[in-house]
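The structure file run_7.cif is reproduced below (mmCIF, C-alpha atoms; chains and numbers go by the auth columns).
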data_run
loop_
_atom_site.group_PDB
_atom_site.id
_atom_site.type_symbol
_atom_site.label_atom_id
_atom_site.label_comp_id
_atom_site.label_asym_id
_atom_site.label_seq_id
_atom_site.Cartn_x
_atom_site.Cartn_y
_atom_site.Cartn_z
_atom_site.B_iso_or_equiv
_atom_site.auth_seq_id
_atom_site.auth_asym_id
ATOM 1 C CA MET A 1 -26.197 -28.747 -3.109 0.00 1 A
ATOM 2 C CA TYR A 2 -23.460 -26.189 -2.366 0.00 2 A
ATOM 3 C CA GLU A 3 -23.541 -23.115 -4.608 0.00 3 A
ATOM 4 C CA GLY A 4 -20.417 -20.982 -4.417 0.00 4 A
ATOM 5 C CA VAL A 5 -20.410 -17.226 -5.055 0.00 5 A
ATOM 6 C CA PRO A 6 -16.917 -16.446 -6.407 0.00 6 A
ATOM 7 C CA ILE A 7 -14.984 -13.600 -4.833 0.00 7 A
ATOM 8 C CA GLY A 8 -12.900 -13.299 -7.984 0.00 8 A
ATOM 9 C CA ILE A 9 -9.550 -14.275 -6.433 0.00 9 A
ATOM 10 C CA ALA A 10 -8.923 -17.647 -8.093 0.00 10 A
ATOM 11 C CA LYS A 11 -6.843 -19.340 -5.377 0.00 11 A
ATOM 12 C CA LEU A 12 -9.084 -18.073 -2.577 0.00 12 A
ATOM 13 C CA ASP A 13 -12.212 -19.285 -4.378 0.00 13 A
ATOM 14 C CA GLN A 14 -10.516 -22.672 -4.716 0.00 14 A
ATOM 15 C CA ILE A 15 -9.762 -22.700 -0.968 0.00 15 A
ATOM 16 C CA LEU A 16 -13.417 -21.887 -0.289 0.00 16 A
ATOM 17 C CA GLY A 17 -14.643 -24.746 -2.466 0.00 17 A
ATOM 18 C CA GLY A 18 -15.971 -22.437 -5.180 0.00 18 A
ATOM 19 C CA GLY A 19 -16.578 -19.192 -3.323 0.00 19 A
ATOM 20 C CA LEU A 20 -18.782 -17.974 -0.500 0.00 20 A
ATOM 21 C CA PRO A 21 -21.991 -19.959 0.098 0.00 21 A
ATOM 22 C CA ARG A 22 -24.920 -18.400 -1.760 0.00 22 A
ATOM 23 C CA GLY A 23 -26.868 -16.138 0.631 0.00 23 A
ATOM 24 C CA ALA A 24 -24.289 -16.496 3.418 0.00 24 A
ATOM 25 C CA ILE A 25 -23.237 -13.858 5.932 0.00 25 A
ATOM 26 C CA VAL A 26 -19.447 -14.037 6.208 0.00 26 A
ATOM 27 C CA ALA A 27 -17.245 -12.209 8.717 0.00 27 A
ATOM 28 C CA LEU A 28 -13.984 -10.905 7.244 0.00 28 A
ATOM 29 C CA ILE A 29 -11.720 -10.267 10.220 0.00 29 A
ATOM 30 C CA GLY A 30 -8.337 -8.589 10.131 0.00 30 A
ATOM 31 C CA CYS A 31 -5.950 -6.043 11.564 0.00 31 A
ATOM 32 C CA PRO A 32 -5.309 -2.634 9.947 0.00 32 A
ATOM 33 C CA GLY A 33 -3.413 -2.905 6.661 0.00 33 A
ATOM 34 C CA SER A 34 -4.221 -6.590 6.111 0.00 34 A
ATOM 35 C CA GLY A 35 -6.216 -5.972 2.914 0.00 35 A
ATOM 36 C CA LYS A 36 -9.789 -6.386 4.166 0.00 36 A
ATOM 37 C CA THR A 37 -11.100 -3.506 2.053 0.00 37 A
ATOM 38 C CA LEU A 38 -9.321 -4.784 -1.063 0.00 38 A
ATOM 39 C CA LEU A 39 -10.795 -8.259 -0.661 0.00 39 A
ATOM 40 C CA ALA A 40 -14.313 -6.915 -0.088 0.00 40 A
ATOM 41 C CA THR A 41 -13.914 -4.527 -3.030 0.00 41 A
ATOM 42 C CA LYS A 42 -12.911 -7.398 -5.307 0.00 42 A
ATOM 43 C CA PHE A 43 -15.998 -9.324 -4.203 0.00 43 A
ATOM 44 C CA ILE A 44 -18.361 -6.479 -5.144 0.00 44 A
ATOM 45 C CA TYR A 45 -16.518 -5.405 -8.309 0.00 45 A
ATOM 46 C CA GLU A 46 -16.162 -8.884 -9.792 0.00 46 A
ATOM 47 C CA GLY A 47 -19.782 -9.604 -8.984 0.00 47 A
ATOM 48 C CA ALA A 48 -20.933 -6.626 -11.058 0.00 48 A
ATOM 49 C CA THR A 49 -18.458 -6.886 -13.942 0.00 49 A
ATOM 50 C CA VAL A 50 -17.964 -10.640 -14.346 0.00 50 A
ATOM 51 C CA TYR A 51 -20.865 -12.506 -12.738 0.00 51 A
ATOM 52 C CA GLY A 52 -23.789 -10.183 -13.461 0.00 52 A
ATOM 53 C CA GLU A 53 -24.609 -9.627 -9.780 0.00 53 A
ATOM 54 C CA ALA A 54 -25.396 -6.100 -8.613 0.00 54 A
ATOM 55 C CA GLY A 55 -23.853 -5.080 -5.302 0.00 55 A
ATOM 56 C CA VAL A 56 -23.758 -2.526 -2.499 0.00 56 A
ATOM 57 C CA TYR A 57 -20.557 -1.362 -0.804 0.00 57 A
ATOM 58 C CA VAL A 58 -21.043 0.438 2.521 0.00 58 A
ATOM 59 C CA CYS A 59 -18.293 2.899 3.480 0.00 59 A
ATOM 60 C CA LEU A 60 -18.176 3.567 7.213 0.00 60 A
ATOM 61 C CA THR A 61 -14.451 3.958 7.861 0.00 61 A
ATOM 62 C CA GLU A 62 -13.572 6.442 5.110 0.00 62 A
ATOM 63 C CA PRO A 63 -15.452 8.948 2.914 0.00 63 A
ATOM 64 C CA LYS A 64 -16.888 7.638 -0.346 0.00 64 A
ATOM 65 C CA ASP A 65 -14.742 9.906 -2.524 0.00 65 A
ATOM 66 C CA VAL A 66 -11.562 8.640 -0.838 0.00 66 A
ATOM 67 C CA PHE A 67 -12.674 5.020 -1.279 0.00 67 A
ATOM 68 C CA VAL A 68 -13.551 5.501 -4.962 0.00 68 A
ATOM 69 C CA ARG A 69 -10.299 7.333 -5.674 0.00 69 A
ATOM 70 C CA THR A 70 -8.141 4.768 -3.849 0.00 70 A
ATOM 71 C CA MET A 71 -9.798 1.734 -5.427 0.00 71 A
ATOM 72 C CA LYS A 72 -9.364 3.235 -8.896 0.00 72 A
ATOM 73 C CA LEU A 73 -5.599 2.929 -8.355 0.00 73 A
ATOM 74 C CA TYR A 74 -6.110 -0.866 -8.235 0.00 74 A
ATOM 75 C CA GLY A 75 -8.246 -0.880 -11.377 0.00 75 A
ATOM 76 C CA PHE A 76 -11.655 -0.845 -9.650 0.00 76 A
ATOM 77 C CA ASP A 77 -13.741 1.920 -11.274 0.00 77 A
ATOM 78 C CA PHE A 78 -16.757 2.275 -8.989 0.00 78 A
ATOM 79 C CA GLU A 79 -17.766 5.599 -10.491 0.00 79 A
ATOM 80 C CA ASP A 80 -18.435 3.824 -13.778 0.00 80 A
ATOM 81 C CA LEU A 81 -20.339 0.994 -12.086 0.00 81 A
ATOM 82 C CA GLU A 82 -22.543 3.451 -10.200 0.00 82 A
ATOM 83 C CA ASN A 83 -23.295 5.361 -13.415 0.00 83 A
ATOM 84 C CA ARG A 84 -24.374 2.078 -15.001 0.00 84 A
ATOM 85 C CA GLY A 85 -26.589 1.179 -12.033 0.00 85 A
ATOM 86 C CA LEU A 86 -24.630 -1.982 -11.262 0.00 86 A
ATOM 87 C CA VAL A 87 -23.316 -0.964 -7.843 0.00 87 A
ATOM 88 C CA LYS A 88 -24.265 1.478 -5.111 0.00 88 A
ATOM 89 C CA VAL A 89 -21.568 2.865 -2.820 0.00 89 A
ATOM 90 C CA LEU A 90 -23.097 4.161 0.412 0.00 90 A
ATOM 91 C CA ASP A 91 -21.270 6.869 2.373 0.00 91 A
ATOM 92 C CA LEU A 92 -22.480 6.603 5.972 0.00 92 A
ATOM 93 C CA SER A 93 -21.217 8.081 9.213 0.00 93 A
ATOM 94 C CA ILE A 94 -22.213 6.875 12.669 0.00 94 A
ATOM 95 C CA GLY A 95 -22.273 9.065 15.761 0.00 95 A
ATOM 96 C CA THR A 96 -25.377 8.031 17.659 0.00 96 A
ATOM 97 C CA GLU A 97 -27.775 5.108 17.990 0.00 97 A
ATOM 98 C CA LEU A 98 -30.210 6.964 15.707 0.00 98 A
ATOM 99 C CA ASP A 99 -27.463 7.171 13.080 0.00 99 A
ATOM 100 C CA CYS A 100 -27.022 3.416 13.363 0.00 100 A
ATOM 101 C CA GLN A 101 -30.725 2.721 12.832 0.00 101 A
ATOM 102 C CA SER A 102 -30.767 5.143 9.900 0.00 102 A
ATOM 103 C CA ALA A 103 -27.757 3.366 8.404 0.00 103 A
ATOM 104 C CA LEU A 104 -29.520 -0.010 8.556 0.00 104 A
ATOM 105 C CA ASN A 105 -32.537 1.485 6.784 0.00 105 A
ATOM 106 C CA LYS A 106 -30.341 3.015 4.079 0.00 106 A
ATOM 107 C CA ILE A 107 -28.537 -0.302 3.549 0.00 107 A
ATOM 108 C CA ALA A 108 -31.854 -2.120 3.112 0.00 108 A
ATOM 109 C CA GLU A 109 -33.124 0.552 0.706 0.00 109 A
ATOM 110 C CA ALA A 110 -29.947 0.401 -1.403 0.00 110 A
ATOM 111 C CA LEU A 111 -30.031 -3.396 -1.591 0.00 111 A
ATOM 112 C CA ASN A 112 -33.608 -3.323 -2.816 0.00 112 A
ATOM 113 C CA ARG A 113 -33.035 -0.403 -5.215 0.00 113 A
ATOM 114 C CA VAL A 114 -30.283 -2.085 -7.225 0.00 114 A
ATOM 115 C CA GLY A 115 -31.555 -5.636 -6.758 0.00 115 A
ATOM 116 C CA ALA A 116 -28.302 -6.490 -5.002 0.00 116 A
ATOM 117 C CA LYS A 117 -26.993 -10.030 -4.813 0.00 117 A
ATOM 118 C CA ARG A 118 -23.828 -8.977 -2.953 0.00 118 A
ATOM 119 C CA LEU A 119 -23.107 -6.686 0.010 0.00 119 A
ATOM 120 C CA ALA A 120 -19.920 -5.537 1.721 0.00 120 A
ATOM 121 C CA VAL A 121 -20.002 -3.523 4.968 0.00 121 A
ATOM 122 C CA ASP A 122 -16.738 -1.757 5.814 0.00 122 A
ATOM 123 C CA SER A 123 -16.900 -2.064 8.719 0.00 123 A
ATOM 124 C CA ILE A 124 -19.282 -3.555 11.283 0.00 124 A
ATOM 125 C CA THR A 125 -16.900 -2.222 13.932 0.00 125 A
ATOM 126 C CA ALA A 126 -17.531 1.340 12.718 0.00 126 A
ATOM 127 C CA LEU A 127 -21.279 0.705 12.404 0.00 127 A
ATOM 128 C CA SER A 128 -21.502 0.054 16.144 0.00 128 A
ATOM 129 C CA VAL A 129 -19.491 3.143 17.193 0.00 129 A
ATOM 130 C CA GLY A 130 -22.615 5.104 18.143 0.00 130 A
ATOM 131 C CA LEU A 131 -23.997 2.356 20.379 0.00 131 A
ATOM 132 C CA GLU A 132 -23.692 2.794 24.123 0.00 132 A
ATOM 133 C CA ASP A 133 -23.426 -0.799 25.324 0.00 133 A
ATOM 134 C CA ALA A 134 -23.141 -4.485 24.378 0.00 134 A
ATOM 135 C CA VAL A 135 -26.927 -4.960 24.479 0.00 135 A
ATOM 136 C CA SER A 136 -27.462 -2.255 21.866 0.00 136 A
ATOM 137 C CA ARG A 137 -24.692 -3.765 19.776 0.00 137 A
ATOM 138 C CA ARG A 138 -26.309 -7.208 19.840 0.00 138 A
ATOM 139 C CA HIS A 139 -29.669 -5.673 18.924 0.00 139 A
ATOM 140 C CA MET A 140 -28.115 -3.849 15.961 0.00 140 A
ATOM 141 C CA ILE A 141 -26.408 -7.002 14.692 0.00 141 A
ATOM 142 C CA ARG A 142 -29.626 -8.996 14.975 0.00 142 A
ATOM 143 C CA LEU A 143 -31.517 -6.326 13.001 0.00 143 A
ATOM 144 C CA LEU A 144 -28.870 -6.407 10.266 0.00 144 A
ATOM 145 C CA TYR A 145 -28.992 -10.204 10.306 0.00 145 A
ATOM 146 C CA ARG A 146 -32.760 -10.183 9.760 0.00 146 A
ATOM 147 C CA ILE A 147 -32.455 -7.674 6.910 0.00 147 A
ATOM 148 C CA LEU A 148 -29.829 -9.734 5.121 0.00 148 A
ATOM 149 C CA ARG A 149 -31.715 -13.005 5.612 0.00 149 A
ATOM 150 C CA ARG A 150 -34.894 -11.419 4.265 0.00 150 A
ATOM 151 C CA ILE A 151 -33.192 -9.995 1.173 0.00 151 A
ATOM 152 C CA GLY A 152 -31.031 -13.075 0.661 0.00 152 A
ATOM 153 C CA CYS A 153 -27.872 -11.433 -0.670 0.00 153 A
ATOM 154 C CA THR A 154 -24.386 -12.850 -0.036 0.00 154 A
ATOM 155 C CA SER A 155 -22.620 -10.573 2.457 0.00 155 A
ATOM 156 C CA LEU A 156 -19.095 -9.792 3.630 0.00 156 A
ATOM 157 C CA LEU A 157 -19.037 -7.995 6.977 0.00 157 A
ATOM 158 C CA ILE A 158 -15.638 -6.530 7.866 0.00 158 A
ATOM 159 C CA LEU A 159 -14.510 -6.627 11.506 0.00 159 A
ATOM 160 C CA GLU A 160 -11.474 -4.773 12.794 0.00 160 A
ATOM 161 C CA ALA A 161 -9.217 -6.880 15.023 0.00 161 A
ATOM 162 C CA PRO A 162 -5.773 -6.558 16.628 0.00 162 A
ATOM 163 C CA LEU A 163 -2.687 -8.400 15.379 0.00 163 A
ATOM 164 C CA ASN A 164 -2.709 -12.163 16.051 0.00 164 A
ATOM 165 C CA TYR A 165 -6.385 -12.103 16.978 0.00 165 A
ATOM 166 C CA SER A 166 -7.447 -15.546 18.224 0.00 166 A
ATOM 167 C CA SER A 167 -10.691 -15.097 20.200 0.00 167 A
ATOM 168 C CA PHE A 168 -12.956 -16.447 17.476 0.00 168 A
ATOM 169 C CA GLY A 169 -16.583 -16.905 18.473 0.00 169 A
ATOM 170 C CA SER A 170 -16.317 -14.272 21.205 0.00 170 A
ATOM 171 C CA MET A 171 -18.331 -11.594 19.373 0.00 171 A
ATOM 172 C CA VAL A 172 -21.947 -11.730 18.281 0.00 172 A
ATOM 173 C CA GLU A 173 -20.938 -10.975 14.669 0.00 173 A
ATOM 174 C CA GLU A 174 -18.870 -14.154 14.570 0.00 174 A
ATOM 175 C CA PHE A 175 -21.582 -16.153 16.280 0.00 175 A
ATOM 176 C CA ILE A 176 -24.237 -15.366 13.649 0.00 176 A
ATOM 177 C CA ALA A 177 -21.829 -15.585 10.709 0.00 177 A
ATOM 178 C CA ASP A 178 -22.034 -18.521 8.314 0.00 178 A
ATOM 179 C CA GLY A 179 -18.320 -18.165 7.665 0.00 179 A
ATOM 180 C CA ILE A 180 -15.177 -16.574 9.082 0.00 180 A
ATOM 181 C CA ILE A 181 -12.158 -15.514 7.021 0.00 181 A
ATOM 182 C CA HIS A 182 -9.194 -14.190 8.993 0.00 182 A
ATOM 183 C CA LEU A 183 -6.428 -12.008 7.549 0.00 183 A
ATOM 184 C CA ASN A 184 -3.291 -11.550 9.629 0.00 184 A
ATOM 185 C CA GLN A 185 0.176 -10.068 9.175 0.00 185 A
ATOM 186 C CA TYR A 186 3.456 -10.166 11.056 0.00 186 A
ATOM 187 C CA TYR A 187 7.186 -9.685 10.577 0.00 187 A
ATOM 188 C CA ASN A 188 9.244 -12.872 10.353 0.00 188 A
ATOM 189 C CA GLY A 189 12.701 -13.423 11.792 0.00 189 A
ATOM 190 C CA ASP A 190 14.290 -11.655 8.816 0.00 190 A
ATOM 191 C CA GLY A 191 12.157 -8.575 9.310 0.00 191 A
ATOM 192 C CA VAL A 192 9.992 -9.319 6.260 0.00 192 A
ATOM 193 C CA LEU A 193 6.250 -8.620 6.405 0.00 193 A
ATOM 194 C CA VAL A 194 4.263 -11.848 6.001 0.00 194 A
ATOM 195 C CA ARG A 195 0.503 -11.898 5.403 0.00 195 A
ATOM 196 C CA THR A 196 -1.545 -15.031 6.093 0.00 196 A
ATOM 197 C CA LEU A 197 -5.139 -16.090 5.506 0.00 197 A
ATOM 198 C CA ARG A 198 -7.206 -18.748 7.281 0.00 198 A
ATOM 199 C CA VAL A 199 -10.798 -19.917 6.861 0.00 199 A
ATOM 200 C CA PHE A 200 -12.154 -20.856 10.284 0.00 200 A
ATOM 201 C CA LYS A 201 -15.585 -21.924 9.128 0.00 201 A
ATOM 202 C CA MET A 202 -17.766 -21.852 6.019 0.00 202 A
ATOM 203 C CA ARG A 203 -21.084 -23.625 6.464 0.00 203 A
ATOM 204 C CA GLY A 204 -21.819 -26.164 3.762 0.00 204 A
ATOM 205 C CA ALA A 205 -18.390 -25.845 2.116 0.00 205 A
ATOM 206 C CA ALA A 206 -15.466 -28.259 2.088 0.00 206 A
ATOM 207 C CA HIS A 207 -12.976 -25.437 2.563 0.00 207 A
ATOM 208 C CA GLY A 208 -9.217 -25.516 2.956 0.00 208 A
ATOM 209 C CA VAL A 209 -7.946 -25.765 6.521 0.00 209 A
ATOM 210 C CA ARG A 210 -4.329 -24.665 6.119 0.00 210 A
ATOM 211 C CA THR A 211 -2.726 -21.269 6.685 0.00 211 A
ATOM 212 C CA TYR A 212 -2.197 -19.594 3.301 0.00 212 A
ATOM 213 C CA GLU A 213 0.173 -16.757 2.503 0.00 213 A
ATOM 214 C CA TYR A 214 -0.990 -13.866 0.370 0.00 214 A
ATOM 215 C CA ARG A 215 0.352 -10.543 -0.804 0.00 215 A
ATOM 216 C CA ILE A 216 -1.051 -7.170 -1.782 0.00 216 A
ATOM 217 C CA THR A 217 -0.116 -6.033 -5.288 0.00 217 A
ATOM 218 C CA ASP A 218 -1.081 -3.122 -7.512 0.00 218 A
ATOM 219 C CA LYS A 219 -3.998 -5.284 -8.690 0.00 219 A
ATOM 220 C CA GLY A 220 -5.270 -6.218 -5.236 0.00 220 A
ATOM 221 C CA ILE A 221 -4.866 -9.442 -3.257 0.00 221 A
ATOM 222 C CA GLU A 222 -2.993 -12.480 -4.579 0.00 222 A
ATOM 223 C CA VAL A 223 -3.077 -15.737 -2.592 0.00 223 A
ATOM 224 C CA LEU A 224 0.193 -17.633 -3.016 0.00 224 A
#
Now, as a test, write the supplied structure out as structure tokens.
Amino acid sequence: MYEGVPIGIAKLDQILGGGLPRGAIVALIGCPGSGKTLLATKFIYEGATVYGEAGVYVCLTEPKDVFVRTMKLYGFDFEDLENRGLVKVLDLSIGTELDCQSALNKIAEALNRVGAKRLAVDSITALSVGLEDAVSRRHMIRLLYRILRRIGCTSLLILEAPLNYSSFGSMVEEFIADGIIHLNQYYNGDGVLVRTLRVFKMRGAAHGVRTYEYRITDKGIEVL
């Protein structure tokens, strides 16, 4: 029977048939400025404050202090959650293959330490920066996959993509993912910025198959 793990965005959870599949690894793909970090933040924050599920947020694209300060503007107080032992925010930087291996170990340690049920990695693209070739990248993704399967938490893995990205299934991250959520944005004929969301797959879920508009507000993401 399908067990959904709510993200905490009511309309999106409805589109997903109740949330992300329990224990799933889901790729969250989008271009810069599309709201990937806000969506992943909501997933971890709501898990800890509403659903009683501890979480780990991995910062790879910006320093932890910048992330915590920025998210507080949207009402997400991660400093408080860390003090209460409900969430761990990891500040990791990747420069070499050794850094990448160390990062995977630190992620596994943090998940076990807080008894995490939810994980967000921001981003997988940044995690692979120190890897020299595609073979090393595939090896790293497979190691992360094994860690997450062993621990059994529900995971959102952020992938950076260009505008109007359409090559789904072309990267190993997408291939191993149980689900793919794509965030896109463009300017319409009137010069107005339009943001759209699509769910390309979600194993075990009867998810929505349309293109849905959303907007970014001072409280995060709102699906229209």
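Reported to one decimal place, the separation of atom CA of A:Tyr186 from atom CA of A:Tyr212 is 13.5 Å.
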At a cut-off of 8 Å, can you tabulate as CSV every residue of stretch 119-180 of chain A near stretch 26-38 of chain A together with its closest atom pair and the distance in Å to one decimal, using only C-alpha atoms and ordering rows by chain then number?
residue,atom,partner,partner_atom,distance
A:Asp122,CA,A:Thr37,CA,7.0
A:Ser155,CA,A:Val26,CA,6.0
A:Leu156,CA,A:Val26,CA,5.0
A:Leu157,CA,A:Ala27,CA,4.9
A:Ile158,CA,A:Leu28,CA,4.7
A:Leu159,CA,A:Ile29,CA,4.8
A:Glu160,CA,A:Gly30,CA,5.6
A:Ala161,CA,A:Cys31,CA,4.8
A:Pro162,CA,A:Cys31,CA,5.1
A:Leu163,CA,A:Cys31,CA,5.5
A:Tyr165,CA,A:Gly30,CA,7.9
A:Glu173,CA,A:Ala27,CA,7.1
A:Glu174,CA,A:Ala27,CA,6.4
A:Ala177,CA,A:Val26,CA,5.3
A:Asp178,CA,A:Val26,CA,5.6
A:Gly179,CA,A:Val26,CA,4.5
A:Ile180,CA,A:Ala27,CA,4.8
Check: Where does the PyMOL selection byres ((chain A and resi 200) around 10) land in this file, that is, which residues does it pick, as number ranges by chain?
Finding: A: 168, 179-182, 197-199, 201-202, 207-210
Checklist line | Which of A:Asn112, A:Thr125, A:Thr211, A:Thr217 sits closest to A:Cys100 [using all atoms listed in the file] | finding: A:Thr125
Could you make a table, as a Markdown table, of the residues of stretch 30-81 of chain A that have an atom within 8 Å of an atom of stretch 3-19 of chain A, each with its nearest atom pair and distance in Å to one decimal, counting only C-alpha atoms, in chain and number order?
| residue | atom | partner | partner_atom | distance |
| --- | --- | --- | --- | --- |
| A:Leu39 | CA | A:Ile7 | CA | 8.0 |
| A:Lys42 | CA | A:Gly8 | CA | 6.5 |
| A:Phe43 | CA | A:Ile7 | CA | 4.4 |
| A:Ile44 | CA | A:Ile7 | CA | 7.9 |
| A:Glu46 | CA | A:Gly8 | CA | 5.8 |
| A:Gly47 | CA | A:Ile7 | CA | 7.5 |
Note to self: To test your reading of the syntax: which residues would the PyMOL selection byres ((chain A and resi 154) around 6) return for the file shown? Reply as a list in words.
What the structure shows: Arg22, Gly23, Ala24, Arg118, Cys153 and Ser155 of chain A
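Residues matched by the PyMOL selection byres ((chain A and resi 148) around 10) in this file: Gly23, Ala24, Ile25, Ile107, Ala108, Leu111, Leu119, Arg142, Leu143, Leu144, Tyr145, Arg146, Ile147, Arg149, Arg150, Ile151, Gly152, Cys153, Thr154 and Ser155 of chain A.
The nearest approach to A:Val89 among the residues A:Thr41, A:Asn184, A:Thr49, A:Ser102, with only C-alpha atoms taken into account, belongs to A:Thr41.
Taking atom CA of A:Glu62 as the reference point, atom CA of A:Leu104 is found at 17.5 Å.
In this comparison, which uses only C-alpha atoms, the residue of A:Val223, A:Val121, A:Ala134, A:Ala206 approaching A:Leu20 most closely is A:Ala206.
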Checklist line | Distance in Å - atom CA of A:Gly204 versus atom CA of A:Lys117 | finding: 19.0 Å
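With all atoms listed in the file as the atoms that count, the residue of A:Leu60, A:Met140, A:Leu73, A:Leu81 with the shortest distance to A:Leu98 is A:Met140.
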Note to self: Just checking: using all atoms listed in the file, which residue out of A:Ala48, A:Leu92, A:Ala120, A:Val87 ends up closest to A:Pro63?
What the structure shows: A:Leu92
